[in-house]
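To be precise, the following lines are my_file.txt, and they hold compact mmCIF, C-alpha atoms.
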```
# COMPACT_ATOMS: atom_id res chain seq x y z
CA MET A 1 35.50 -48.21 12.19
CA ALA A 2 37.90 -50.19 10.02
CA ALA A 3 38.62 -53.82 10.90
CA ASN A 4 35.61 -54.09 13.25
CA GLY A 5 35.29 -57.88 13.22
CA SER A 6 32.36 -58.15 15.63
CA ALA A 7 30.30 -55.69 13.59
CA LEU A 8 31.04 -57.64 10.43
CA ARG A 9 30.06 -60.94 12.03
CA LEU A 10 26.77 -59.45 13.21
CA LEU A 11 26.12 -58.01 9.76
CA VAL A 12 26.77 -61.37 8.06
CA LEU A 13 24.35 -63.06 10.48
CA ILE A 14 21.69 -60.40 9.83
CA GLN A 15 22.11 -60.79 6.08
CA LEU A 16 21.85 -64.58 6.24
CA ILE A 17 18.68 -64.50 8.37
CA SER A 18 16.95 -61.64 6.54
CA MET A 19 17.69 -63.05 3.08
CA GLY A 20 16.40 -66.40 4.24
CA ALA A 21 13.20 -64.66 5.39
CA MET A 22 12.79 -63.02 1.98
CA GLU A 23 13.37 -66.30 0.14
CA MET A 24 10.74 -68.06 2.26
CA SER A 25 8.02 -66.64 0.04
CA GLY A 26 10.11 -66.56 -3.15
CA PRO A 27 8.73 -69.65 -4.94
CA PHE A 28 5.13 -69.18 -3.81
CA TRP A 29 4.02 -65.79 -5.18
CA PRO A 30 2.45 -67.33 -8.32
CA LEU A 31 0.50 -69.79 -6.18
CA GLN A 32 -0.90 -66.95 -4.07
CA ILE A 33 -1.78 -64.95 -7.17
CA GLN A 34 -3.57 -67.95 -8.65
CA HIS A 35 -5.47 -68.39 -5.38
CA LEU A 36 -6.51 -64.72 -5.20
CA LEU A 37 -7.55 -64.54 -8.85
CA GLY A 38 -9.80 -67.57 -8.67
CA PRO A 39 -11.18 -69.46 -11.67
CA GLU A 40 -13.06 -66.45 -13.04
CA GLN A 41 -9.86 -64.38 -13.52
CA ALA A 42 -7.45 -67.21 -14.23
CA ARG A 43 -6.50 -65.61 -17.57
CA TYR A 44 -4.39 -63.06 -15.66
CA THR A 45 -2.31 -65.67 -13.82
CA ALA A 46 0.62 -65.73 -16.25
CA LEU A 47 0.77 -61.93 -16.51
CA LEU A 48 0.71 -61.27 -12.78
CA SER A 49 3.08 -64.16 -12.06
CA ALA A 50 5.63 -62.47 -14.31
CA MET A 51 4.98 -59.02 -12.88
CA VAL A 52 5.34 -60.19 -9.27
CA TYR A 53 9.00 -60.98 -9.99
CA ALA A 54 9.84 -58.44 -12.70
CA GLY A 55 8.20 -55.48 -10.93
CA PRO A 56 10.39 -55.42 -7.81
CA MET A 57 13.49 -56.07 -9.92
CA LEU A 58 12.77 -53.01 -12.06
CA ALA A 59 11.98 -50.84 -9.04
CA ALA A 60 15.16 -51.91 -7.24
CA MET A 61 17.20 -51.42 -10.39
CA LEU A 62 16.07 -47.80 -10.60
CA LEU A 63 16.12 -46.78 -6.94
CA THR A 64 18.91 -48.76 -5.23
CA PRO A 65 21.63 -46.30 -6.39
CA LEU A 66 19.63 -43.42 -4.85
CA TRP A 67 19.48 -45.21 -1.50
CA GLY A 68 23.21 -45.83 -1.81
CA ARG A 69 23.87 -42.14 -2.41
CA LEU A 70 21.78 -41.26 0.65
CA GLY A 71 23.82 -43.77 2.67
CA ASP A 72 27.04 -42.09 1.50
CA ARG A 73 25.75 -38.88 3.06
CA THR A 74 24.11 -40.16 6.26
CA GLY A 75 25.96 -43.41 6.95
CA HIS A 76 24.91 -46.89 5.82
CA LYS A 77 23.64 -48.22 9.15
CA PRO A 78 20.43 -46.12 8.89
CA MET A 79 19.92 -47.52 5.38
CA ILE A 80 20.22 -51.07 6.71
CA VAL A 81 17.60 -50.39 9.39
CA ARG A 82 15.32 -48.60 6.92
CA ALA A 83 15.55 -51.42 4.38
CA LEU A 84 14.76 -54.13 6.93
CA LEU A 85 11.74 -52.19 8.20
CA ALA A 86 10.54 -51.73 4.62
CA LEU A 87 10.88 -55.47 3.98
CA ALA A 88 8.92 -56.23 7.16
CA LEU A 89 6.17 -53.77 6.19
CA CYS A 90 5.78 -55.18 2.69
CA GLN A 91 5.69 -58.79 3.88
CA GLY A 92 3.05 -57.86 6.44
CA LEU A 93 0.91 -56.12 3.80
CA ALA A 94 1.27 -59.10 1.47
CA ALA A 95 -0.11 -61.34 4.21
CA ILE A 96 -3.38 -59.41 4.51
CA THR A 97 -4.14 -58.28 0.96
CA LEU A 98 -6.90 -60.07 -0.94
CA ASP A 99 -6.38 -58.27 -4.25
CA PRO A 100 -3.86 -59.91 -6.62
CA TRP A 101 -3.13 -56.62 -8.39
CA LEU A 102 -2.45 -54.95 -5.06
CA LEU A 103 -0.16 -57.85 -4.16
CA VAL A 104 1.95 -57.07 -7.22
CA ALA A 105 1.98 -53.38 -6.26
CA ILE A 106 3.22 -54.29 -2.77
CA ARG A 107 6.02 -56.33 -4.32
CA VAL A 108 7.01 -53.35 -6.49
CA MET A 109 7.02 -51.15 -3.38
CA GLN A 110 9.24 -53.72 -1.67
CA GLY A 111 11.77 -53.50 -4.50
CA ALA A 112 11.67 -49.71 -4.46
CA LEU A 113 12.13 -49.30 -0.70
CA ALA A 114 14.58 -52.07 0.12
CA GLY A 115 18.17 -51.73 -1.14
CA PHE A 116 19.41 -53.85 1.76
CA LEU A 117 22.17 -55.70 -0.07
CA ALA A 118 23.91 -52.57 -1.35
CA ALA A 119 23.66 -50.92 2.09
CA ALA A 120 25.12 -54.02 3.77
CA GLN A 121 27.98 -54.14 1.28
CA ALA A 122 28.84 -50.46 1.75
CA TYR A 123 28.66 -50.81 5.54
CA ALA A 124 30.86 -53.91 5.47
CA LEU A 125 33.55 -52.06 3.55
CA ALA A 126 33.73 -49.58 6.41
CA CYS A 127 34.27 -52.48 8.84
CA CYS A 128 37.14 -54.18 7.06
CA ALA A 129 40.69 -53.39 6.14
CA SER A 130 41.24 -52.41 2.52
CA SER A 131 43.22 -55.60 1.94
CA ASP A 132 40.20 -57.74 2.93
CA ARG A 133 37.51 -56.22 0.73
CA GLY A 134 37.14 -59.17 -1.61
CA ARG A 135 36.91 -61.68 1.22
CA THR A 136 34.43 -59.47 3.11
CA LEU A 137 32.07 -59.05 0.16
CA ALA A 138 32.38 -62.77 -0.55
CA ARG A 139 31.30 -63.57 3.01
CA LEU A 140 28.18 -61.50 2.48
CA GLN A 141 27.54 -63.31 -0.79
CA SER A 142 27.93 -66.63 1.03
CA ALA A 143 25.41 -65.49 3.63
CA THR A 144 22.96 -64.65 0.85
CA ALA A 145 23.53 -68.05 -0.73
CA VAL A 146 22.87 -69.88 2.53
CA GLY A 147 19.74 -67.82 3.11
CA SER A 148 18.57 -68.62 -0.40
CA LEU A 149 19.20 -72.29 0.33
CA VAL A 150 17.39 -72.48 3.68
CA GLY A 151 14.61 -69.95 3.10
CA PRO A 152 12.58 -71.81 0.45
CA VAL A 153 12.76 -75.06 2.44
CA LEU A 154 11.39 -73.38 5.55
CA GLY A 155 8.86 -71.48 3.47
CA GLY A 156 7.64 -74.68 1.83
CA TRP A 157 7.12 -76.25 5.23
CA LEU A 158 5.18 -73.21 6.47
CA MET A 159 3.14 -73.16 3.27
CA ASP A 160 2.10 -76.78 3.79
CA VAL A 161 1.42 -76.36 7.50
CA SER A 162 -0.32 -72.99 7.68
CA GLY A 163 -0.60 -71.30 4.29
CA PHE A 164 0.76 -68.19 2.64
CA ALA A 165 -0.39 -65.61 5.20
CA LEU A 166 1.47 -67.13 8.15
CA LEU A 167 4.51 -67.55 5.93
CA CYS A 168 4.53 -63.78 5.31
CA TYR A 169 3.87 -63.02 8.96
CA GLY A 170 6.87 -65.16 9.83
CA ALA A 171 9.03 -63.21 7.38
CA THR A 172 7.72 -59.96 8.86
CA LEU A 173 8.70 -61.00 12.38
CA ILE A 174 12.15 -62.15 11.27
CA CYS A 175 12.83 -58.86 9.45
CA LEU A 176 11.71 -56.87 12.47
CA LEU A 177 14.07 -58.87 14.68
CA CYS A 178 16.88 -58.29 12.17
CA ALA A 179 16.13 -54.55 12.20
CA LEU A 180 16.33 -54.63 16.00
CA GLY A 181 19.63 -56.50 15.81
CA SER A 182 21.03 -54.00 13.32
CA LEU A 183 20.59 -51.25 15.92
CA PHE A 184 23.52 -52.86 17.76
CA LEU A 185 25.82 -52.28 14.80
CA PRO A 186 28.28 -49.45 15.52
CA ALA A 187 27.48 -46.28 13.63
CA ASP A 188 29.38 -45.64 10.46
CA THR A 189 29.93 -41.99 9.69
CA ALA A 190 30.10 -40.47 6.27
CA ARG A 191 33.74 -40.07 5.33
CA PRO A 192 35.02 -36.62 4.45
CA ALA A 193 35.75 -35.92 0.83
CA GLN A 194 39.27 -36.87 -0.13
CA LYS A 195 41.46 -35.47 -2.81
CA LYS A 196 41.83 -37.70 -5.80
CA THR A 197 45.11 -39.46 -5.89
CA SER A 198 46.99 -39.56 -9.13
CA ALA A 199 46.23 -43.26 -9.34
CA ARG A 200 42.49 -42.77 -9.08
CA ALA A 201 42.66 -39.91 -11.50
CA ALA A 202 44.33 -42.30 -13.95
CA LEU A 203 41.42 -44.74 -13.98
CA PRO A 204 40.76 -45.76 -17.57
CA LYS A 205 37.85 -44.06 -19.28
CA GLY A 206 34.72 -46.20 -19.12
CA TRP A 207 36.04 -48.38 -16.30
CA MET A 208 32.88 -48.23 -14.18
CA GLY A 209 30.60 -48.73 -17.15
CA GLY A 210 32.71 -51.71 -18.15
CA ILE A 211 32.41 -53.36 -14.73
CA LEU A 212 28.65 -52.78 -14.70
CA LEU A 213 28.44 -54.45 -18.12
CA VAL A 214 30.43 -57.40 -16.75
CA ILE A 215 27.91 -57.74 -13.90
CA VAL A 216 24.96 -57.65 -16.34
CA LEU A 217 26.53 -60.35 -18.51
CA ILE A 218 27.41 -62.79 -15.73
CA GLN A 219 24.06 -62.36 -13.99
CA ALA A 220 22.15 -62.83 -17.23
CA ALA A 221 23.96 -66.12 -17.75
CA LYS A 222 23.39 -67.18 -14.15
CA MET A 223 19.63 -66.48 -14.18
CA MET A 224 18.93 -67.83 -17.65
CA PRO A 225 17.99 -71.36 -16.45
CA GLN A 226 15.32 -70.08 -14.04
CA PRO A 227 12.30 -70.40 -16.38
CA PHE A 228 13.06 -73.96 -17.47
CA TYR A 229 15.14 -75.50 -14.68
CA ALA A 230 12.40 -77.44 -12.86
CA LEU A 231 10.82 -78.54 -16.15
CA TYR A 232 14.18 -79.77 -17.46
CA VAL A 233 15.02 -81.84 -14.38
CA ALA A 234 11.51 -83.31 -14.18
CA ASN A 235 10.88 -84.02 -17.87
CA VAL A 236 14.32 -84.55 -19.42
CA LEU A 237 16.12 -86.26 -16.53
CA GLN A 238 12.92 -87.87 -15.21
CA ALA A 239 13.93 -86.90 -11.65
CA PRO A 240 11.51 -86.74 -8.70
CA GLY A 241 10.56 -83.49 -7.00
CA TRP A 242 13.06 -83.79 -4.16
CA LEU A 243 15.90 -84.03 -6.69
CA ILE A 244 14.75 -80.82 -8.34
CA GLY A 245 15.25 -79.04 -5.02
CA ALA A 246 18.48 -80.87 -4.21
CA THR A 247 20.18 -80.16 -7.54
CA TYR A 248 18.98 -76.55 -7.46
CA ALA A 249 20.41 -76.06 -3.97
CA ALA A 250 23.70 -77.77 -4.84
CA SER A 251 25.18 -74.75 -6.62
CA ALA A 252 24.17 -72.44 -3.77
CA ALA A 253 25.96 -74.71 -1.30
CA THR A 254 29.25 -74.75 -3.20
CA LEU A 255 28.98 -71.02 -3.90
CA ALA A 256 28.70 -70.37 -0.16
CA ILE A 257 31.86 -72.41 0.42
CA SER A 258 33.90 -71.09 -2.49
CA ALA A 259 33.13 -67.36 -2.40
CA PRO A 260 35.29 -66.53 0.68
CA LEU A 261 38.15 -68.62 -0.74
CA TRP A 262 37.99 -66.78 -4.06
CA GLY A 263 37.75 -63.46 -2.21
CA ARG A 264 40.93 -64.23 -0.28
CA LEU A 265 42.73 -64.91 -3.56
CA PHE A 266 41.43 -61.83 -5.34
CA ASP A 267 42.43 -59.57 -2.45
CA ARG A 268 46.03 -60.33 -3.43
CA TRP A 269 45.67 -59.29 -7.08
CA GLN A 270 45.50 -56.04 -9.00
CA PRO A 271 42.09 -55.22 -10.54
CA ALA A 272 43.40 -55.64 -14.10
CA TYR A 273 44.64 -59.14 -13.32
CA THR A 274 41.45 -59.92 -11.40
CA LEU A 275 39.31 -59.09 -14.41
CA ARG A 276 41.49 -61.36 -16.51
CA VAL A 277 40.84 -64.22 -14.08
CA ILE A 278 37.09 -63.48 -14.13
CA GLU A 279 37.17 -63.89 -17.90
CA GLY A 280 38.80 -67.29 -17.46
CA VAL A 281 36.17 -68.30 -14.90
CA ALA A 282 33.41 -67.30 -17.35
CA TRP A 283 34.95 -69.68 -19.91
CA LEU A 284 35.01 -72.42 -17.25
CA CYS A 285 31.32 -71.74 -16.60
CA ALA A 286 30.63 -72.14 -20.32
CA LEU A 287 32.40 -75.53 -20.35
CA THR A 288 30.61 -76.62 -17.17
CA LEU A 289 27.19 -75.73 -18.59
CA ALA A 290 28.06 -77.63 -21.76
CA ALA A 291 28.70 -80.65 -19.55
CA THR A 292 25.35 -79.98 -17.86
CA ALA A 293 23.64 -80.06 -21.26
CA LEU A 294 25.35 -83.38 -22.06
CA ALA A 295 24.46 -85.05 -18.74
CA ASN A 296 21.78 -87.66 -19.34
CA GLU A 297 21.35 -88.83 -15.76
CA TRP A 298 20.95 -87.00 -12.50
CA ILE A 299 24.29 -87.90 -10.87
CA GLY A 300 26.29 -86.27 -13.65
CA PHE A 301 23.88 -83.36 -13.68
CA LEU A 302 24.34 -82.88 -9.92
CA ALA A 303 28.13 -82.98 -10.30
CA THR A 304 28.04 -80.16 -12.86
CA ARG A 305 25.77 -78.12 -10.58
CA LEU A 306 28.27 -78.48 -7.73
CA LEU A 307 31.13 -77.45 -10.01
CA TRP A 308 29.15 -74.48 -11.37
CA GLY A 309 28.64 -73.22 -7.82
CA LEU A 310 32.40 -73.23 -7.26
CA TRP A 311 32.90 -70.94 -10.26
CA GLN A 312 30.02 -68.66 -9.21
CA GLY A 313 31.91 -67.66 -6.08
CA ALA A 314 34.51 -65.97 -8.31
CA LEU A 315 32.10 -63.79 -10.29
CA LEU A 316 29.56 -61.44 -8.71
CA PRO A 317 31.21 -60.84 -5.29
CA VAL A 318 34.55 -60.23 -7.01
CA ALA A 319 32.95 -57.76 -9.43
CA TYR A 320 31.62 -55.86 -6.41
CA ALA A 321 35.09 -55.92 -4.88
CA LEU A 322 36.51 -54.40 -8.07
CA ILE A 323 34.09 -51.51 -7.66
CA ALA A 324 35.04 -51.10 -4.01
CA ASN A 325 38.75 -51.07 -4.81
CA THR A 326 38.53 -48.40 -7.49
CA VAL A 327 35.90 -45.94 -6.23
CA CYS A 328 36.36 -43.08 -3.78
CA PRO A 329 35.17 -44.11 -0.27
CA THR A 330 32.66 -41.24 -0.19
CA ARG A 331 30.88 -42.70 -3.24
CA GLN A 332 30.98 -46.41 -2.49
CA GLY A 333 27.32 -46.63 -1.46
CA PHE A 334 26.22 -45.09 -4.76
CA ALA A 335 28.66 -47.21 -6.78
CA LEU A 336 27.64 -50.46 -5.08
CA GLY A 337 24.02 -49.44 -5.63
CA LEU A 338 24.80 -49.20 -9.33
CA GLY A 339 26.41 -52.63 -9.14
CA ASN A 340 23.30 -54.11 -7.53
CA SER A 341 21.13 -52.41 -10.15
CA ALA A 342 23.27 -53.98 -12.86
CA ALA A 343 22.81 -57.38 -11.19
CA LYS A 344 19.03 -56.88 -11.19
CA ALA A 345 19.13 -55.87 -14.86
CA GLY A 346 21.17 -58.96 -15.70
CA ALA A 347 18.84 -61.24 -13.74
CA LEU A 348 15.81 -59.79 -15.51
CA LEU A 349 17.48 -60.09 -18.91
CA GLY A 350 18.55 -63.66 -18.21
CA ALA A 351 15.06 -64.77 -17.13
CA VAL A 352 13.51 -63.26 -20.27
CA LEU A 353 16.13 -64.81 -22.54
CA GLY A 354 15.73 -68.18 -20.82
CA GLY A 355 12.00 -68.22 -21.42
CA ILE A 356 12.36 -67.15 -25.05
CA GLY A 357 15.23 -69.56 -25.65
CA MET A 358 13.27 -72.51 -24.28
CA GLY A 359 10.53 -71.77 -26.78
CA LEU A 360 12.98 -71.48 -29.67
CA VAL A 361 15.26 -74.50 -29.17
CA GLY A 362 13.10 -76.74 -27.01
CA LEU A 363 13.48 -77.92 -23.44
CA ASP A 364 16.01 -80.66 -24.26
CA HIS A 365 18.58 -78.16 -25.60
CA SER A 366 17.98 -75.24 -23.24
CA PHE A 367 21.19 -75.61 -21.25
CA TRP A 368 23.23 -75.24 -24.44
CA LEU A 369 21.92 -71.68 -24.59
CA VAL A 370 23.24 -71.05 -21.07
CA ALA A 371 26.67 -72.33 -22.10
CA LEU A 372 26.55 -70.04 -25.13
CA THR A 373 25.56 -67.09 -22.94
CA TYR A 374 28.57 -67.68 -20.66
CA ALA A 375 30.82 -67.80 -23.72
CA LEU A 376 29.36 -64.48 -24.88
CA ALA A 377 29.86 -63.10 -21.35
CA ALA A 378 33.52 -64.15 -21.47
CA LEU A 379 33.93 -62.42 -24.84
CA GLY A 380 32.21 -59.36 -23.39
CA ILE A 381 34.62 -59.29 -20.46
CA ARG A 382 37.52 -59.52 -22.89
CA ALA A 383 36.05 -56.57 -24.82
CA VAL A 384 35.76 -54.57 -21.60
CA ARG A 385 39.39 -55.30 -20.79
CA ALA A 386 40.46 -54.16 -24.23
CA SER A 387 38.27 -51.06 -24.40
CA THR A 388 39.36 -49.73 -21.00
CA ALA A 389 43.02 -50.42 -21.81
CA MET A 390 43.66 -51.17 -18.13
CA GLN A 391 47.13 -51.11 -16.67
CA PRO A 392 47.95 -52.26 -13.11
CA THR A 393 49.45 -48.87 -12.32
CA ALA A 394 46.10 -47.23 -12.98
CA PHE A 395 44.65 -48.41 -9.69
CA SER A 396 45.32 -47.26 -6.16
CA THR A 397 45.48 -50.61 -4.40
CA ASN A 398 48.04 -52.27 -2.26
CA THR A 399 47.54 -55.65 -3.89
CA HIS A 400 49.71 -57.66 -6.22
CA HIS A 401 49.38 -60.64 -8.51
CA ASN A 402 51.40 -63.75 -8.83
```

Could you show the structure in this file as structure tokens?
Amino acid sequence: MAANGSALRLLVLIQLISMGAMEMSGPFWPLQIQHLLGPEQARYTALLSAMVYAGPMLAAMLLTPLWGRLGDRTGHKPMIVRALLALALCQGLAAITLDPWLLVAIRVMQGALAGFLAAAQAYALACCASSDRGRTLARLQSATAVGSLVGPVLGGWLMDVSGFALLCYGATLICLLCALGSLFLPADTARPAQKKTSARAALPKGWMGGILLVIVLIQAAKMMPQPFYALYVANVLQAPGWLIGATYAASAATLAISAPLWGRLFDRWQPAYTLRVIEGVAWLCALTLAATALANEWIGFLATRLLWGLWQGALLPVAYALIANTVCPTRQGFALGLGNSAAKAGALLGAVLGGIGMGLVGLDHSFWLVALTYALAALGIRAVRASTAMQPTAFSTNTHHN
């Protein structure tokens, strides 16, 4: 099934639409919890608002690798269909439940049953030539970014027009349509076990653990602003509500543009050299976030957000491509599941650190902590490079570096 361009285009479209459907409800779970609790149970609002996001992250972190392993055995197309049906079911249940605790439980079930992103990544690798893995995974990341950009806007409109229930029903319908569309994807069959080549056998000890640590670090830095972002733009920059959304979306827009371009570059380079470049990009992120912290008006702030999005395209999708380029094809679903679990762990860690950091240093200085976190991530990547003692000859790829 290699180099099946039509299948890949359909998959990218499904990912864009389904991720947009999931992000439709993303900002509004705390509002629904507050509504269901009512004034008499308002003391639980903060707890359940945290759990409604942390719960599915933890569940996905634990179970996504298991779904990936099952996909390695049965093919990844069934996992895509299963995940989309699970998302549709959970959104439908969320629309009808009147119990806020049950709503959190449904969200946890959604995280446990989904695993769509890892399944889509593993399937896409079966559709593309080995020399296009980075660009392919970057296209999927761009689709996710566009969905994350459009979904909340559409969800906000539906929330104003019809309320939370219809919003969830809309997401249910979209996911069902995506599941129907995924049936038209050509079947991918589990690949027979292959003998290890001498190159793969020479992979440095701790290589996979090192890449997973890199993913945790860069995702923690990326998600750290989440708890204080809206407060910072509103209170420090004195910006109106529409600018909060516009500056937030700016980085997603440039990420969607830059990720395929970065992927095309990284497809030409050996993994050892790629990881070296990722370290450099992490340092650039640190400098960019320092500029964000120094910006005292919204135009400069917006410019740093656009620049930050350009660097983001060279981090997570490229880390996934490193996994794909160095893992046996019969284990790519499991390995990419581990990568997605590491991303969830990093996102959870970053959100917690962002909330704690805001309390420690104050809202005005919060973005300095993000810059510091990127610097620590860059140092961590350097440590991974040193500890794995990587050499270009240790990898079975047909790429080169300039």

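Of note, atom CA of Leu289 of chain A and atom CA of His365 of chain A are spaced 11.4 Å apart.
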
Separation of atom CA of Arg135 of chain A from atom CA of Val281 of chain A in Å: 17.4 Å

List as JSON, numbers by chain the protein and nucleic acid residues near Ala252 of chain A, meaning an atom at most 8 Å away when all atoms listed in the file are counted, but skip any in the same chain fewer than 4 places from it. {"A": [145, 146, 148, 149, 248, 256, 309]}

What does the distance between atom CA of Ala259 of chain A and atom CA of Asn296 of chain A come to in Å, to one decimal place? 28.8 Å

Compute the distance from (1.5, -57.9, -10.7) to each atom, counting only C-alpha atoms, keep the residues with any atom at most 6 Å away, and return them as a ChimeraX atom specification; use the coordinates of the file. /A:48,51-52,101,104

Any idea what's packed within 10 Å of Leu307 of chain A, counting only C-alpha atoms, ignoring anything in its chain fewer than 2 positions away? Could you give it as a PyMOL selection string? chain A and resi 250-251+254-255+284-285+288-289+302-305+309-312

Selected residue of minimal separation from Gln110 of chain A among A:Ala253, A:Leu16, A:Ala230, A:Ala60, counting all atoms listed in the file: A:Ala60

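Among the candidates A:Phe116, A:Tyr273, A:Tyr320, A:Phe164, the one nearest to Trp29 of chain A when counting all atoms listed in the file is A:Phe164.
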
Would it be fine to have segment 300-351 of chain A, with C-alpha atoms, given as a PDB file, in the first residue's frame?
```pdb
ATOM      1  CA  GLY A 300       4.689  42.583  19.138  1.00  0.00           C
ATOM      2  CA  PHE A 301       3.009  39.819  21.102  1.00  0.00           C
ATOM      3  CA  LEU A 302       1.202  38.620  17.968  1.00  0.00           C
ATOM      4  CA  ALA A 303       4.453  38.651  15.990  1.00  0.00           C
ATOM      5  CA  THR A 304       6.133  36.371  18.536  1.00  0.00           C
ATOM      6  CA  ARG A 305       3.143  34.015  18.454  1.00  0.00           C
ATOM      7  CA  LEU A 306       3.429  33.735  14.667  1.00  0.00           C
ATOM      8  CA  LEU A 307       7.160  33.063  14.929  1.00  0.00           C
ATOM      9  CA  TRP A 308       6.628  30.477  17.686  1.00  0.00           C
ATOM     10  CA  GLY A 309       4.223  28.578  15.433  1.00  0.00           C
ATOM     11  CA  LEU A 310       6.908  28.353  12.750  1.00  0.00           C
ATOM     12  CA  TRP A 311       9.275  26.657  15.202  1.00  0.00           C
ATOM     13  CA  GLN A 312       6.538  24.318  16.488  1.00  0.00           C
ATOM     14  CA  GLY A 313       6.287  22.678  13.084  1.00  0.00           C
ATOM     15  CA  ALA A 314       9.830  21.348  13.572  1.00  0.00           C
ATOM     16  CA  LEU A 315       9.263  19.670  16.940  1.00  0.00           C
ATOM     17  CA  LEU A 316       6.489  17.163  17.623  1.00  0.00           C
ATOM     18  CA  PRO A 317       5.841  15.866  14.065  1.00  0.00           C
ATOM     19  CA  VAL A 318       9.582  15.471  13.525  1.00  0.00           C
ATOM     20  CA  ALA A 319       9.941  13.565  16.802  1.00  0.00           C
ATOM     21  CA  TYR A 320       7.252  11.173  15.564  1.00  0.00           C
ATOM     22  CA  ALA A 321       9.121  10.817  12.277  1.00  0.00           C
ATOM     23  CA  LEU A 322      12.276   9.879  14.191  1.00  0.00           C
ATOM     24  CA  ILE A 323      10.339   7.059  15.825  1.00  0.00           C
ATOM     25  CA  ALA A 324       8.972   5.922  12.465  1.00  0.00           C
ATOM     26  CA  ASN A 325      12.423   5.910  10.884  1.00  0.00           C
ATOM     27  CA  THR A 326      14.059   3.810  13.575  1.00  0.00           C
ATOM     28  CA  VAL A 327      11.413   1.255  14.593  1.00  0.00           C
ATOM     29  CA  CYS A 328      10.580  -2.031  12.891  1.00  0.00           C
ATOM     30  CA  PRO A 329       7.462  -1.646  10.671  1.00  0.00           C
ATOM     31  CA  THR A 330       5.641  -4.385  12.600  1.00  0.00           C
ATOM     32  CA  ARG A 331       5.892  -2.313  15.801  1.00  0.00           C
ATOM     33  CA  GLN A 332       5.217   1.177  14.513  1.00  0.00           C
ATOM     34  CA  GLY A 333       1.660   1.331  15.848  1.00  0.00           C
ATOM     35  CA  PHE A 334       2.858   0.492  19.353  1.00  0.00           C
ATOM     36  CA  ALA A 335       5.831   2.863  19.114  1.00  0.00           C
ATOM     37  CA  LEU A 336       3.731   5.765  17.837  1.00  0.00           C
ATOM     38  CA  GLY A 337       1.239   5.001  20.601  1.00  0.00           C
ATOM     39  CA  LEU A 338       4.075   5.437  23.081  1.00  0.00           C
ATOM     40  CA  GLY A 339       4.960   8.711  21.368  1.00  0.00           C
ATOM     41  CA  ASN A 340       1.391   9.970  21.706  1.00  0.00           C
ATOM     42  CA  SER A 341       1.345   8.879  25.349  1.00  0.00           C
ATOM     43  CA  ALA A 342       4.533  10.859  25.922  1.00  0.00           C
ATOM     44  CA  ALA A 343       2.884  13.887  24.304  1.00  0.00           C
ATOM     45  CA  LYS A 344      -0.105  13.542  26.642  1.00  0.00           C
ATOM     46  CA  ALA A 345       2.237  13.239  29.630  1.00  0.00           C
ATOM     47  CA  GLY A 346       4.111  16.359  28.540  1.00  0.00           C
ATOM     48  CA  ALA A 347       0.883  18.302  27.995  1.00  0.00           C
ATOM     49  CA  LEU A 348      -0.371  17.333  31.446  1.00  0.00           C
ATOM     50  CA  LEU A 349       2.953  18.212  33.062  1.00  0.00           C
ATOM     51  CA  GLY A 350       3.091  21.543  31.250  1.00  0.00           C
ATOM     52  CA  ALA A 351      -0.432  22.546  32.295  1.00  0.00           C
TER      53      ALA A 351
END
```
